[in-house]
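Below is data_15.cif, holding mmCIF, C-alpha atoms and all ligand atoms; chains and numbers go by the auth columns.
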data_structure
loop_
_atom_site.group_PDB
_atom_site.id
_atom_site.type_symbol
_atom_site.label_atom_id
_atom_site.label_comp_id
_atom_site.label_asym_id
_atom_site.label_seq_id
_atom_site.Cartn_x
_atom_site.Cartn_y
_atom_site.Cartn_z
_atom_site.B_iso_or_equiv
_atom_site.auth_seq_id
_atom_site.auth_asym_id
ATOM 1 C CA MET A 1 -1.556 39.960 30.994 0.00 178 A
ATOM 2 C CA THR A 2 -1.327 36.237 30.239 0.00 179 A
ATOM 3 C CA SER A 3 -3.998 35.271 27.744 0.00 180 A
ATOM 4 C CA SER A 4 -5.448 31.809 27.458 0.00 181 A
ATOM 5 C CA PRO A 5 -7.889 30.503 24.875 0.00 182 A
ATOM 6 C CA SER A 6 -11.458 30.392 26.139 0.00 183 A
ATOM 7 C CA SER A 7 -12.383 27.032 27.611 0.00 184 A
ATOM 8 C CA THR A 8 -15.701 25.223 27.566 0.00 185 A
ATOM 9 C CA LEU A 9 -14.584 22.282 29.698 0.00 186 A
ATOM 10 C CA PRO A 10 -17.007 21.669 32.582 0.00 187 A
ATOM 11 C CA TYR A 11 -14.166 21.357 35.107 0.00 188 A
ATOM 12 C CA ARG A 12 -10.542 22.392 35.293 0.00 189 A
ATOM 13 C CA ILE A 13 -7.871 21.586 37.881 0.00 190 A
ATOM 14 C CA GLY A 14 -5.569 24.216 39.331 0.00 191 A
ATOM 15 C CA TYR A 15 -2.434 23.786 41.409 0.00 192 A
ATOM 16 C CA GLY A 16 -0.386 26.371 43.292 0.00 193 A
ATOM 17 C CA GLU A 17 2.338 26.579 45.859 0.00 194 A
ATOM 18 C CA ASP A 18 4.223 29.241 47.777 0.00 195 A
ATOM 19 C CA ALA A 19 7.044 29.345 50.297 0.00 196 A
ATOM 20 C CA HIS A 20 8.491 32.075 52.480 0.00 197 A
ATOM 21 C CA ARG A 21 11.483 32.226 54.777 0.00 198 A
ATOM 22 C CA LEU A 22 10.605 32.915 58.412 0.00 199 A
ATOM 23 C CA GLU A 23 12.313 35.536 60.513 0.00 200 A
ATOM 24 C CA ALA A 24 11.824 36.432 64.181 0.00 201 A
ATOM 25 C CA GLY A 25 9.910 39.590 64.969 0.00 202 A
ATOM 26 C CA ARG A 26 7.635 39.489 61.932 0.00 203 A
ATOM 27 C CA PRO A 27 3.914 38.658 61.951 0.00 204 A
ATOM 28 C CA LEU A 28 2.798 35.340 60.477 0.00 205 A
ATOM 29 C CA ILE A 29 -0.481 35.443 58.536 0.00 206 A
ATOM 30 C CA LEU A 30 -1.934 32.308 56.971 0.00 207 A
ATOM 31 C CA GLY A 31 -5.147 32.289 54.965 0.00 208 A
ATOM 32 C CA GLY A 32 -5.851 35.835 56.130 0.00 209 A
ATOM 33 C CA VAL A 33 -5.625 34.724 59.774 0.00 210 A
ATOM 34 C CA PRO A 34 -2.887 36.083 62.068 0.00 211 A
ATOM 35 C CA VAL A 35 -1.066 33.305 63.961 0.00 212 A
ATOM 36 C CA PRO A 36 -0.592 34.826 67.427 0.00 213 A
ATOM 37 C CA GLN A 37 1.675 32.064 68.773 0.00 214 A
ATOM 38 C CA ALA A 38 4.205 32.388 65.931 0.00 215 A
ATOM 39 C CA GLU A 39 7.729 33.294 67.004 0.00 216 A
ATOM 40 C CA ALA A 40 8.669 34.149 63.415 0.00 217 A
ATOM 41 C CA GLY A 41 6.870 35.510 60.371 0.00 218 A
ATOM 42 C CA ALA A 42 7.284 35.521 56.602 0.00 219 A
ATOM 43 C CA VAL A 43 9.946 37.567 54.850 0.00 220 A
ATOM 44 C CA ALA A 44 8.096 38.934 51.828 0.00 221 A
ATOM 45 C CA HIS A 45 7.324 41.946 49.694 0.00 222 A
ATOM 46 C CA SER A 46 3.626 41.710 50.628 0.00 223 A
ATOM 47 C CA ASP A 47 2.209 40.521 53.972 0.00 224 A
ATOM 48 C CA GLY A 48 3.716 37.141 53.072 0.00 225 A
ATOM 49 C CA ASP A 49 0.553 35.044 53.371 0.00 226 A
ATOM 50 C CA ALA A 50 1.774 31.793 51.817 0.00 227 A
ATOM 51 C CA VAL A 51 -1.709 30.254 51.947 0.00 228 A
ATOM 52 C CA LEU A 52 -3.450 33.025 50.018 0.00 229 A
ATOM 53 C CA HIS A 53 -0.583 33.262 47.516 0.00 230 A
ATOM 54 C CA ALA A 54 -0.791 29.537 46.805 0.00 231 A
ATOM 55 C CA VAL A 55 -4.599 29.562 46.535 0.00 232 A
ATOM 56 C CA ALA A 56 -4.433 32.514 44.135 0.00 233 A
ATOM 57 C CA ASP A 57 -1.806 30.757 42.013 0.00 234 A
ATOM 58 C CA ALA A 58 -3.935 27.610 41.979 0.00 235 A
ATOM 59 C CA LEU A 59 -6.919 29.577 40.654 0.00 236 A
ATOM 60 C CA LEU A 60 -4.818 31.226 37.947 0.00 237 A
ATOM 61 C CA SER A 61 -3.098 28.001 36.914 0.00 238 A
ATOM 62 C CA GLY A 62 -6.437 26.260 36.428 0.00 239 A
ATOM 63 C CA LEU A 63 -7.135 28.544 33.501 0.00 240 A
ATOM 64 C CA ALA A 64 -3.521 29.025 32.390 0.00 241 A
ATOM 65 C CA LEU A 65 -3.655 32.662 33.483 0.00 242 A
ATOM 66 C CA GLY A 66 -0.081 32.805 34.726 0.00 243 A
ATOM 67 C CA ASP A 67 0.874 33.473 38.357 0.00 244 A
ATOM 68 C CA ILE A 68 0.499 36.213 40.932 0.00 245 A
ATOM 69 C CA GLY A 69 4.024 37.504 40.347 0.00 246 A
ATOM 70 C CA GLN A 70 2.877 38.674 36.910 0.00 247 A
ATOM 71 C CA TYR A 71 -0.058 40.644 38.309 0.00 248 A
ATOM 72 C CA PHE A 72 1.681 41.831 41.487 0.00 249 A
ATOM 73 C CA PRO A 73 5.421 42.050 40.692 0.00 250 A
ATOM 74 C CA ASP A 74 7.661 42.183 43.747 0.00 251 A
ATOM 75 C CA THR A 75 9.685 44.843 41.933 0.00 252 A
ATOM 76 C CA ASP A 76 6.729 47.244 42.176 0.00 253 A
ATOM 77 C CA ALA A 77 6.688 49.307 45.387 0.00 254 A
ATOM 78 C CA THR A 78 2.891 49.609 45.023 0.00 255 A
ATOM 79 C CA TRP A 79 2.590 46.057 46.368 0.00 256 A
ATOM 80 C CA GLN A 80 4.918 46.537 49.347 0.00 257 A
ATOM 81 C CA GLY A 81 3.132 45.247 52.452 0.00 258 A
ATOM 82 C CA LEU A 82 0.090 44.341 50.342 0.00 259 A
ATOM 83 C CA ASP A 83 -2.814 42.601 52.084 0.00 260 A
ATOM 84 C CA SER A 84 -2.830 39.251 50.277 0.00 261 A
ATOM 85 C CA ARG A 85 -6.624 39.065 50.463 0.00 262 A
ATOM 86 C CA LEU A 86 -6.537 41.554 47.579 0.00 263 A
ATOM 87 C CA ILE A 87 -4.370 39.157 45.561 0.00 264 A
ATOM 88 C CA LEU A 88 -6.840 36.327 46.032 0.00 265 A
ATOM 89 C CA THR A 89 -9.808 38.550 45.263 0.00 266 A
ATOM 90 C CA ARG A 90 -8.153 39.639 41.995 0.00 267 A
ATOM 91 C CA ALA A 91 -7.368 36.038 41.017 0.00 268 A
ATOM 92 C CA LEU A 92 -10.978 35.067 41.721 0.00 269 A
ATOM 93 C CA GLU A 93 -12.244 37.941 39.558 0.00 270 A
ATOM 94 C CA LEU A 94 -10.036 36.775 36.681 0.00 271 A
ATOM 95 C CA VAL A 95 -11.356 33.217 36.968 0.00 272 A
ATOM 96 C CA GLN A 96 -14.957 34.410 37.196 0.00 273 A
ATOM 97 C CA GLY A 97 -14.358 36.626 34.176 0.00 274 A
ATOM 98 C CA ARG A 98 -13.534 33.446 32.214 0.00 275 A
ATOM 99 C CA GLY A 99 -16.839 31.869 33.284 0.00 276 A
ATOM 100 C CA TYR A 100 -15.521 29.618 36.074 0.00 277 A
ATOM 101 C CA ALA A 101 -15.837 29.439 39.856 0.00 278 A
ATOM 102 C CA PRO A 102 -13.999 27.362 42.446 0.00 279 A
ATOM 103 C CA VAL A 103 -15.833 24.186 43.496 0.00 280 A
ATOM 104 C CA ASN A 104 -13.532 22.988 46.256 0.00 281 A
ATOM 105 C CA VAL A 105 -10.044 23.621 47.527 0.00 282 A
ATOM 106 C CA ALA A 106 -7.517 21.346 49.253 0.00 283 A
ATOM 107 C CA LEU A 107 -4.545 22.996 50.884 0.00 284 A
ATOM 108 C CA VAL A 108 -1.566 21.748 52.890 0.00 285 A
ATOM 109 C CA VAL A 109 0.566 24.043 55.027 0.00 286 A
ATOM 110 C CA THR A 110 4.035 22.826 56.021 0.00 287 A
ATOM 111 C CA LEU A 111 5.264 24.572 59.144 0.00 288 A
ATOM 112 C CA ASP A 112 7.216 23.177 62.083 0.00 289 A
ATOM 113 C CA ARG A 113 6.033 25.600 64.779 0.00 290 A
ATOM 114 C CA PRO A 114 3.615 26.549 66.170 0.00 291 A
ATOM 115 C CA LYS A 115 0.887 23.920 65.947 0.00 292 A
ATOM 116 C CA LEU A 116 -1.809 25.269 63.655 0.00 293 A
ATOM 117 C CA GLY A 117 -4.523 22.714 64.429 0.00 294 A
ATOM 118 C CA PRO A 118 -6.469 25.094 66.688 0.00 295 A
ATOM 119 C CA LEU A 119 -6.640 27.627 63.819 0.00 296 A
ATOM 120 C CA ARG A 120 -7.930 25.126 61.227 0.00 297 A
ATOM 121 C CA PRO A 121 -11.594 26.263 61.398 0.00 298 A
ATOM 122 C CA GLN A 122 -10.627 29.938 61.233 0.00 299 A
ATOM 123 C CA ILE A 123 -8.322 29.434 58.248 0.00 300 A
ATOM 124 C CA ALA A 124 -10.912 27.317 56.400 0.00 301 A
ATOM 125 C CA ARG A 125 -13.612 29.895 57.112 0.00 302 A
ATOM 126 C CA SER A 126 -11.421 32.789 56.006 0.00 303 A
ATOM 127 C CA VAL A 127 -10.348 31.173 52.713 0.00 304 A
ATOM 128 C CA ALA A 128 -13.911 30.007 52.050 0.00 305 A
ATOM 129 C CA ALA A 129 -15.295 33.500 52.628 0.00 306 A
ATOM 130 C CA LEU A 130 -12.788 35.023 50.216 0.00 307 A
ATOM 131 C CA LEU A 131 -13.781 32.466 47.579 0.00 308 A
ATOM 132 C CA THR A 132 -17.503 32.753 48.402 0.00 309 A
ATOM 133 C CA LEU A 133 -17.568 29.018 49.118 0.00 310 A
ATOM 134 C CA PRO A 134 -19.072 27.124 52.036 0.00 311 A
ATOM 135 C CA GLU A 135 -16.449 26.303 54.685 0.00 312 A
ATOM 136 C CA SER A 136 -17.016 22.603 53.977 0.00 313 A
ATOM 137 C CA GLU A 137 -15.444 23.050 50.517 0.00 314 A
ATOM 138 C CA VAL A 138 -12.064 24.127 51.888 0.00 315 A
ATOM 139 C CA GLY A 139 -9.910 21.282 53.199 0.00 316 A
ATOM 140 C CA VAL A 140 -7.022 22.433 55.382 0.00 317 A
ATOM 141 C CA SER A 141 -4.135 20.116 56.349 0.00 318 A
ATOM 142 C CA PHE A 142 -0.984 20.829 58.321 0.00 319 A
ATOM 143 C CA LYS A 143 2.373 19.071 58.195 0.00 320 A
ATOM 144 C CA THR A 144 5.680 19.637 59.893 0.00 321 A
ATOM 145 C CA SER A 145 8.853 19.398 57.836 0.00 322 A
ATOM 146 C CA GLU A 146 10.146 17.039 60.544 0.00 323 A
ATOM 147 C CA GLY A 147 12.826 19.625 61.276 0.00 324 A
ATOM 148 C CA LEU A 148 14.110 19.719 57.690 0.00 325 A
ATOM 149 C CA ALA A 149 12.982 23.312 57.117 0.00 326 A
ATOM 150 C CA PRO A 150 12.398 24.958 60.498 0.00 327 A
ATOM 151 C CA ALA A 151 12.658 28.559 59.207 0.00 328 A
ATOM 152 C CA HIS A 152 10.257 28.062 56.362 0.00 329 A
ATOM 153 C CA VAL A 153 6.532 28.057 55.649 0.00 330 A
ATOM 154 C CA GLN A 154 5.156 26.369 52.554 0.00 331 A
ATOM 155 C CA THR A 155 1.680 25.843 51.158 0.00 332 A
ATOM 156 C CA ARG A 156 0.515 23.558 48.365 0.00 333 A
ATOM 157 C CA VAL A 157 -2.993 23.861 46.961 0.00 334 A
ATOM 158 C CA THR A 158 -5.240 22.110 44.503 0.00 335 A
ATOM 159 C CA VAL A 159 -8.493 23.665 43.358 0.00 336 A
ATOM 160 C CA LEU A 160 -11.302 22.376 41.192 0.00 337 A
ATOM 161 C CA LEU A 161 -12.833 25.026 38.942 0.00 338 A
ATOM 162 C CA GLY A 162 -16.313 24.493 37.549 0.00 339 A
ATOM 163 C CA ARG A 163 -17.831 26.199 34.526 0.00 340 A
ATOM 164 C CA VAL A 164 -20.705 28.430 35.566 0.00 341 A
ATOM 165 C CA ASP A 165 -23.748 27.965 33.333 0.00 342 A
ATOM 166 C CA GLY A 166 -25.198 30.942 31.548 0.00 343 A
HETATM 167 N N1 LIG B . 2.305 23.397 62.225 0.00 1 B
HETATM 168 C C1 LIG B . 1.638 22.230 62.361 0.00 1 B
HETATM 169 C C2 LIG B . 2.105 21.039 61.825 0.00 1 B
HETATM 170 C C3 LIG B . 1.389 19.884 62.047 0.00 1 B
HETATM 171 N N2 LIG B . 0.241 19.928 62.777 0.00 1 B
HETATM 172 C C4 LIG B . -0.501 18.702 63.046 0.00 1 B
HETATM 173 O O1 LIG B . 0.347 17.751 63.661 0.00 1 B
HETATM 174 C C5 LIG B . 0.062 16.445 63.220 0.00 1 B
HETATM 175 C C6 LIG B . 1.317 15.715 62.806 0.00 1 B
HETATM 176 O O2 LIG B . 2.006 16.376 61.757 0.00 1 B
HETATM 177 P P1 LIG B . 3.245 15.626 61.009 0.00 1 B
HETATM 178 O O3 LIG B . 3.829 16.566 60.047 0.00 1 B
HETATM 179 O O4 LIG B . 4.198 15.252 62.104 0.00 1 B
HETATM 180 O O5 LIG B . 2.662 14.429 60.329 0.00 1 B
HETATM 181 C C7 LIG B . -0.992 16.546 62.150 0.00 1 B
HETATM 182 O O6 LIG B . -2.241 16.160 62.709 0.00 1 B
HETATM 183 C C8 LIG B . -1.036 18.015 61.798 0.00 1 B
HETATM 184 O O7 LIG B . -2.330 18.459 61.516 0.00 1 B
HETATM 185 C C9 LIG B . -0.209 21.128 63.273 0.00 1 B
HETATM 186 O O8 LIG B . -1.269 21.203 63.937 0.00 1 B
HETATM 187 N N3 LIG B . 0.489 22.262 63.056 0.00 1 B
HETATM 188 C C1 LIG B . 3.018 38.922 46.418 0.00 2 B
HETATM 189 C C2 LIG B . 4.294 39.418 45.831 0.00 2 B
HETATM 190 C C3 LIG B . 4.107 40.913 45.510 0.00 2 B
HETATM 191 O O1 LIG B . 3.987 41.688 46.673 0.00 2 B
HETATM 192 O O2 LIG B . 5.433 39.346 46.654 0.00 2 B
HETATM 193 P P1 LIG B . 5.762 38.397 47.900 0.00 2 B
HETATM 194 O O3 LIG B . 5.006 38.870 49.094 0.00 2 B
HETATM 195 O O4 LIG B . 7.252 38.375 48.101 0.00 2 B
HETATM 196 O O5 LIG B . 5.213 36.967 47.587 0.00 2 B
HETATM 197 P P2 LIG B . 5.648 35.839 46.534 0.00 2 B
HETATM 198 O O6 LIG B . 4.672 34.721 46.709 0.00 2 B
HETATM 199 O O7 LIG B . 7.081 35.508 46.704 0.00 2 B
HETATM 200 O O8 LIG B . 5.481 36.469 45.069 0.00 2 B
HETATM 201 C C4 LIG B . 4.390 37.178 44.539 0.00 2 B
HETATM 202 C C5 LIG B . 4.761 38.640 44.605 0.00 2 B
HETATM 203 O O9 LIG B . 4.904 39.244 43.435 0.00 2 B
#
What do you get writing this file as structure tokens?
Ligand SMILES: Nc1ccn([C@@H]2O[C@H](COP(=O)(O)O)[C@@H](O)[C@H]2O)c(=O)n1
Ligand SMILES: C[C@@]1(CO)OP(=O)(O)OP(=O)(O)OC[C@H]1O
Amino acid sequence: MTSSPSSTLPYRIGYGEDAHRLEAGRPLILGGVPVPQAEAGAVAHSDGDAVLHAVADALLSGLALGDIGQYFPDTDATWQGLDSRLILTRALELVQGRGYAPVNVALVVTLDRPKLGPLRPQIARSVAALLTLPESEVGVSFKTSEGLAPAHVQTRVTVLLGRVDG
């Protein structure tokens, strides 16, 4: 897959984003957490978890390892309905294999409805657990699109990667 020269920098920044169209009658999963109040869910090849896709892309980008579409092509039926927690776990393994680990994560979900505030602790806890980070190192923000993109979910993520000694 994508190869990058080995890095010895103490820290590296990663950035990722993902968007999915929303359609009625589908489940909405964000950060590995089902959103029970959602009237519409993501149209996607996998389970459509825009949070986990963006976090995984942020990890990969921090080390110039490409993006999740290269590792999990949406042309491959193997990944149909894939649990996106596996995508994030794979991205984390790749980063760890290069001698880095996430230090903290900041993510912003843009979604008009429903309100996600009540799920903030669950989403932070779920993402943190997948990254083996304390919950306090995962910042979760929510924004509406102010009606500009009502049938759309988007996530933007920054991650700080730190070199692991030894
Ligand atoms: N799906 C969402 C979107 C936003 N929130 C919270 O609402 C507040 C206002 O959001 P604006 O986009 O209008 O600035 C803010 O506190 C968000 O956390 C939400 O809970 N769920
Ligand atoms: C996850 C993959 C693969 O199932 O598909 P989607 O669920 O459609 O998600 P996206 O973020 O558009 O792209 C990455 C894909 O290759």
Neighbourhood of ligand LIG 1 (chain B) at 7 Å, counting only C-alpha atoms and all ligand atoms, reported as a PyMOL selection string: chain A and resi 287-294+318-323
Okay, now the selection with C-alpha atoms, as a compact mmCIF listing (two decimals), in the coordinates of the input?
# COMPACT_ATOMS: atom_id res chain seq x y z
CA THR A 287 4.04 22.83 56.02
CA LEU A 288 5.26 24.57 59.14
CA ASP A 289 7.22 23.18 62.08
CA ARG A 290 6.03 25.60 64.78
CA PRO A 291 3.62 26.55 66.17
CA LYS A 292 0.89 23.92 65.95
CA LEU A 293 -1.81 25.27 63.66
CA GLY A 294 -4.52 22.71 64.43
CA SER A 318 -4.14 20.12 56.35
CA PHE A 319 -0.98 20.83 58.32
CA LYS A 320 2.37 19.07 58.20
CA THR A 321 5.68 19.64 59.89
CA SER A 322 8.85 19.40 57.84
CA GLU A 323 10.15 17.04 60.54
With only C-alpha atoms and all ligand atoms counted and 9 Å as the cut-off, give the residues of chain A in contact with ligand LIG 2 (chain B), each with its shortest interatomic distance in Å and the pair that gives it, as JSON lines.
{"residue": "A:Glu194", "atom": "CA", "partner": "B:LIG2", "partner_atom": "O6", "distance": 8.5}
{"residue": "A:Asp195", "atom": "CA", "partner": "B:LIG2", "partner_atom": "O6", "distance": 5.6}
{"residue": "A:Ala196", "atom": "CA", "partner": "B:LIG2", "partner_atom": "O6", "distance": 6.9}
{"residue": "A:His197", "atom": "CA", "partner": "B:LIG2", "partner_atom": "O7", "distance": 6.9}
{"residue": "A:Ala219", "atom": "CA", "partner": "B:LIG2", "partner_atom": "O3", "distance": 8.5}
{"residue": "A:Val220", "atom": "CA", "partner": "B:LIG2", "partner_atom": "O4", "distance": 7.3}
{"residue": "A:Ala221", "atom": "CA", "partner": "B:LIG2", "partner_atom": "O4", "distance": 3.9}
{"residue": "A:His222", "atom": "CA", "partner": "B:LIG2", "partner_atom": "O3", "distance": 3.9}
{"residue": "A:Ser223", "atom": "CA", "partner": "B:LIG2", "partner_atom": "O3", "distance": 3.5}
{"residue": "A:Asp224", "atom": "CA", "partner": "B:LIG2", "partner_atom": "O3", "distance": 5.9}
{"residue": "A:Gly225", "atom": "CA", "partner": "B:LIG2", "partner_atom": "O3", "distance": 4.5}
{"residue": "A:Asp226", "atom": "CA", "partner": "B:LIG2", "partner_atom": "O3", "distance": 7.3}
{"residue": "A:Ala227", "atom": "CA", "partner": "B:LIG2", "partner_atom": "O6", "distance": 6.6}
{"residue": "A:Leu229", "atom": "CA", "partner": "B:LIG2", "partner_atom": "O6", "distance": 8.9}
{"residue": "A:His230", "atom": "CA", "partner": "B:LIG2", "partner_atom": "O6", "distance": 5.5}
{"residue": "A:Ala231", "atom": "CA", "partner": "B:LIG2", "partner_atom": "O6", "distance": 7.5}
{"residue": "A:Asp234", "atom": "CA", "partner": "B:LIG2", "partner_atom": "O6", "distance": 8.9}
{"residue": "A:Asp244", "atom": "CA", "partner": "B:LIG2", "partner_atom": "C4", "distance": 8.0}
{"residue": "A:Ile245", "atom": "CA", "partner": "B:LIG2", "partner_atom": "C4", "distance": 5.4}
{"residue": "A:Gly246", "atom": "CA", "partner": "B:LIG2", "partner_atom": "O9", "distance": 3.7}
{"residue": "A:Gln247", "atom": "CA", "partner": "B:LIG2", "partner_atom": "O9", "distance": 6.9}
{"residue": "A:Tyr248", "atom": "CA", "partner": "B:LIG2", "partner_atom": "O9", "distance": 7.3}
{"residue": "A:Phe249", "atom": "CA", "partner": "B:LIG2", "partner_atom": "O9", "distance": 4.6}
{"residue": "A:Pro250", "atom": "CA", "partner": "B:LIG2", "partner_atom": "O9", "distance": 4.0}
{"residue": "A:Asp251", "atom": "CA", "partner": "B:LIG2", "partner_atom": "O9", "distance": 4.0}
{"residue": "A:Thr252", "atom": "CA", "partner": "B:LIG2", "partner_atom": "O9", "distance": 7.5}
{"residue": "A:Asp253", "atom": "CA", "partner": "B:LIG2", "partner_atom": "C3", "distance": 7.6}
{"residue": "A:Ala254", "atom": "CA", "partner": "B:LIG2", "partner_atom": "O1", "distance": 8.2}
{"residue": "A:Thr255", "atom": "CA", "partner": "B:LIG2", "partner_atom": "O1", "distance": 8.2}
{"residue": "A:Trp256", "atom": "CA", "partner": "B:LIG2", "partner_atom": "O1", "distance": 4.6}
{"residue": "A:Gln257", "atom": "CA", "partner": "B:LIG2", "partner_atom": "O1", "distance": 5.6}
{"residue": "A:Gly258", "atom": "CA", "partner": "B:LIG2", "partner_atom": "O1", "distance": 6.8}
{"residue": "A:Leu259", "atom": "CA", "partner": "B:LIG2", "partner_atom": "O1", "distance": 6.0}
{"residue": "A:Asp260", "atom": "CA", "partner": "B:LIG2", "partner_atom": "O1", "distance": 8.7}
{"residue": "A:Ser261", "atom": "CA", "partner": "B:LIG2", "partner_atom": "C1", "distance": 7.0}
{"residue": "A:Ile264", "atom": "CA", "partner": "B:LIG2", "partner_atom": "C1", "distance": 7.4}
Residues matched by the PyMOL selection byres (((chain A and resi 336) around 8) and not hetatm), written as a VMD selection string: chain A and resid 190 to 192 232 235 to 236 239 279 to 283 334 to 335 337 to 338
Expansion of the PyMOL selection byres (((chain A and resi 210) around 10) and not hetatm) into residues, as an NGL selection string: :A and (205-209 or 211-213 or 226 or 228 or 296-297 or 299-304)
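Under the PyMOL selection byres (((chain A and resi 341) around 7) and not hetatm), the matching residues in the shown file are Gly276, Tyr277, Ala278, Gly339, Arg340, Asp342 and Gly343 of chain A.
Taking atom CA of Leu269 of chain A as the reference point, atom CA of Leu199 of chain A is found at 27.4 Å.
Atom CA of Leu284 of chain A is positioned 5.2 Å from atom CA of Val317 of chain A.
For the pair atom CA of Arg203 of chain A and atom CA of Gly218 of chain A, the interatomic distance is 4.3 Å.
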Counting all atoms listed in the file, the residue of A:Leu271, A:Ala217, A:Ala201, A:Leu240 that sits nearest Tyr188 of chain A: A:Leu240
Kindly compute an axis-aligned box around the listed atoms of segment 324-327 of chain A, allowing 5 Å on each side, and express its centre and edge lengths in Å to one decimal as AutoDock Vina command-line options.
--center_x 13.3 --center_y 22.3 --center_z 59.2 --size_x 11.7 --size_y 15.3 --size_z 14.2
Proximity to Gln331 of chain A - best of A:Gln273, A:Val285, A:Pro204, A:Ser184, only C-alpha atoms: A:Val285
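Of the listed residues (A:Leu325, A:Gln214, A:Arg275, A:Arg267), A:Arg275 comes nearest to Leu186 of chain A; the distances count all atoms listed in the file.
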Residue rebuild result segment 224-244 of chain A, N, CA and C atoms as a PDB file, in the coordinates of the input:
ATOM      1  N   ASP A 224       2.336  40.994  52.588  1.00  0.00           N
ATOM      2  CA  ASP A 224       2.209  40.521  53.972  1.00  0.00           C
ATOM      3  C   ASP A 224       2.683  39.074  54.127  1.00  0.00           C
ATOM      4  N   GLY A 225       3.075  38.454  53.017  1.00  0.00           N
ATOM      5  CA  GLY A 225       3.716  37.141  53.072  1.00  0.00           C
ATOM      6  C   GLY A 225       2.793  35.971  53.392  1.00  0.00           C
ATOM      7  N   ASP A 226       1.513  36.106  53.063  1.00  0.00           N
ATOM      8  CA  ASP A 226       0.553  35.044  53.371  1.00  0.00           C
ATOM      9  C   ASP A 226       0.694  33.905  52.359  1.00  0.00           C
ATOM     10  N   ALA A 227       1.461  32.888  52.750  1.00  0.00           N
ATOM     11  CA  ALA A 227       1.774  31.793  51.817  1.00  0.00           C
ATOM     12  C   ALA A 227       0.533  30.992  51.425  1.00  0.00           C
ATOM     13  N   VAL A 228      -0.479  30.993  52.291  1.00  0.00           N
ATOM     14  CA  VAL A 228      -1.709  30.254  51.947  1.00  0.00           C
ATOM     15  C   VAL A 228      -2.464  30.989  50.837  1.00  0.00           C
ATOM     16  N   LEU A 229      -2.675  32.283  51.032  1.00  0.00           N
ATOM     17  CA  LEU A 229      -3.450  33.025  50.018  1.00  0.00           C
ATOM     18  C   LEU A 229      -2.692  33.119  48.698  1.00  0.00           C
ATOM     19  N   HIS A 230      -1.365  33.225  48.764  1.00  0.00           N
ATOM     20  CA  HIS A 230      -0.583  33.262  47.516  1.00  0.00           C
ATOM     21  C   HIS A 230      -0.749  31.949  46.753  1.00  0.00           C
ATOM     22  N   ALA A 231      -0.688  30.836  47.476  1.00  0.00           N
ATOM     23  CA  ALA A 231      -0.791  29.537  46.805  1.00  0.00           C
ATOM     24  C   ALA A 231      -2.207  29.295  46.272  1.00  0.00           C
ATOM     25  N   VAL A 232      -3.217  29.726  47.023  1.00  0.00           N
ATOM     26  CA  VAL A 232      -4.599  29.562  46.535  1.00  0.00           C
ATOM     27  C   VAL A 232      -4.801  30.412  45.277  1.00  0.00           C
ATOM     28  N   ALA A 233      -4.289  31.629  45.305  1.00  0.00           N
ATOM     29  CA  ALA A 233      -4.433  32.514  44.135  1.00  0.00           C
ATOM     30  C   ALA A 233      -3.717  31.907  42.923  1.00  0.00           C
ATOM     31  N   ASP A 234      -2.520  31.381  43.128  1.00  0.00           N
ATOM     32  CA  ASP A 234      -1.806  30.757  42.013  1.00  0.00           C
ATOM     33  C   ASP A 234      -2.545  29.522  41.503  1.00  0.00           C
ATOM     34  N   ALA A 235      -3.171  28.786  42.409  1.00  0.00           N
ATOM     35  CA  ALA A 235      -3.935  27.610  41.979  1.00  0.00           C
ATOM     36  C   ALA A 235      -5.106  28.030  41.082  1.00  0.00           C
ATOM     37  N   LEU A 236      -5.794  29.088  41.476  1.00  0.00           N
ATOM     38  CA  LEU A 236      -6.919  29.577  40.654  1.00  0.00           C
ATOM     39  C   LEU A 236      -6.423  29.969  39.265  1.00  0.00           C
ATOM     40  N   LEU A 237      -5.334  30.741  39.240  1.00  0.00           N
ATOM     41  CA  LEU A 237      -4.818  31.226  37.947  1.00  0.00           C
ATOM     42  C   LEU A 237      -4.338  30.067  37.085  1.00  0.00           C
ATOM     43  N   SER A 238      -3.660  29.113  37.701  1.00  0.00           N
ATOM     44  CA  SER A 238      -3.098  28.001  36.914  1.00  0.00           C
ATOM     45  C   SER A 238      -4.192  27.155  36.283  1.00  0.00           C
ATOM     46  N   GLY A 239      -5.340  27.070  36.951  1.00  0.00           N
ATOM     47  CA  GLY A 239      -6.437  26.260  36.428  1.00  0.00           C
ATOM     48  C   GLY A 239      -6.922  26.731  35.075  1.00  0.00           C
ATOM     49  N   LEU A 240      -6.705  28.012  34.797  1.00  0.00           N
ATOM     50  CA  LEU A 240      -7.135  28.544  33.501  1.00  0.00           C
ATOM     51  C   LEU A 240      -5.944  29.055  32.695  1.00  0.00           C
ATOM     52  N   ALA A 241      -4.753  28.624  33.087  1.00  0.00           N
ATOM     53  CA  ALA A 241      -3.521  29.025  32.390  1.00  0.00           C
ATOM     54  C   ALA A 241      -3.414  30.548  32.304  1.00  0.00           C
ATOM     55  N   LEU A 242      -3.690  31.195  33.446  1.00  0.00           N
ATOM     56  CA  LEU A 242      -3.655  32.662  33.483  1.00  0.00           C
ATOM     57  C   LEU A 242      -2.370  33.197  34.106  1.00  0.00           C
ATOM     58  N   GLY A 243      -1.360  32.354  34.195  1.00  0.00           N
ATOM     59  CA  GLY A 243      -0.081  32.805  34.726  1.00  0.00           C
ATOM     60  C   GLY A 243      -0.023  32.676  36.240  1.00  0.00           C
ATOM     61  N   ASP A 244       0.748  33.552  36.896  1.00  0.00           N
ATOM     62  CA  ASP A 244       0.874  33.473  38.357  1.00  0.00           C
ATOM     63  C   ASP A 244       0.846  34.879  38.951  1.00  0.00           C
TER      64      ASP A 244
END
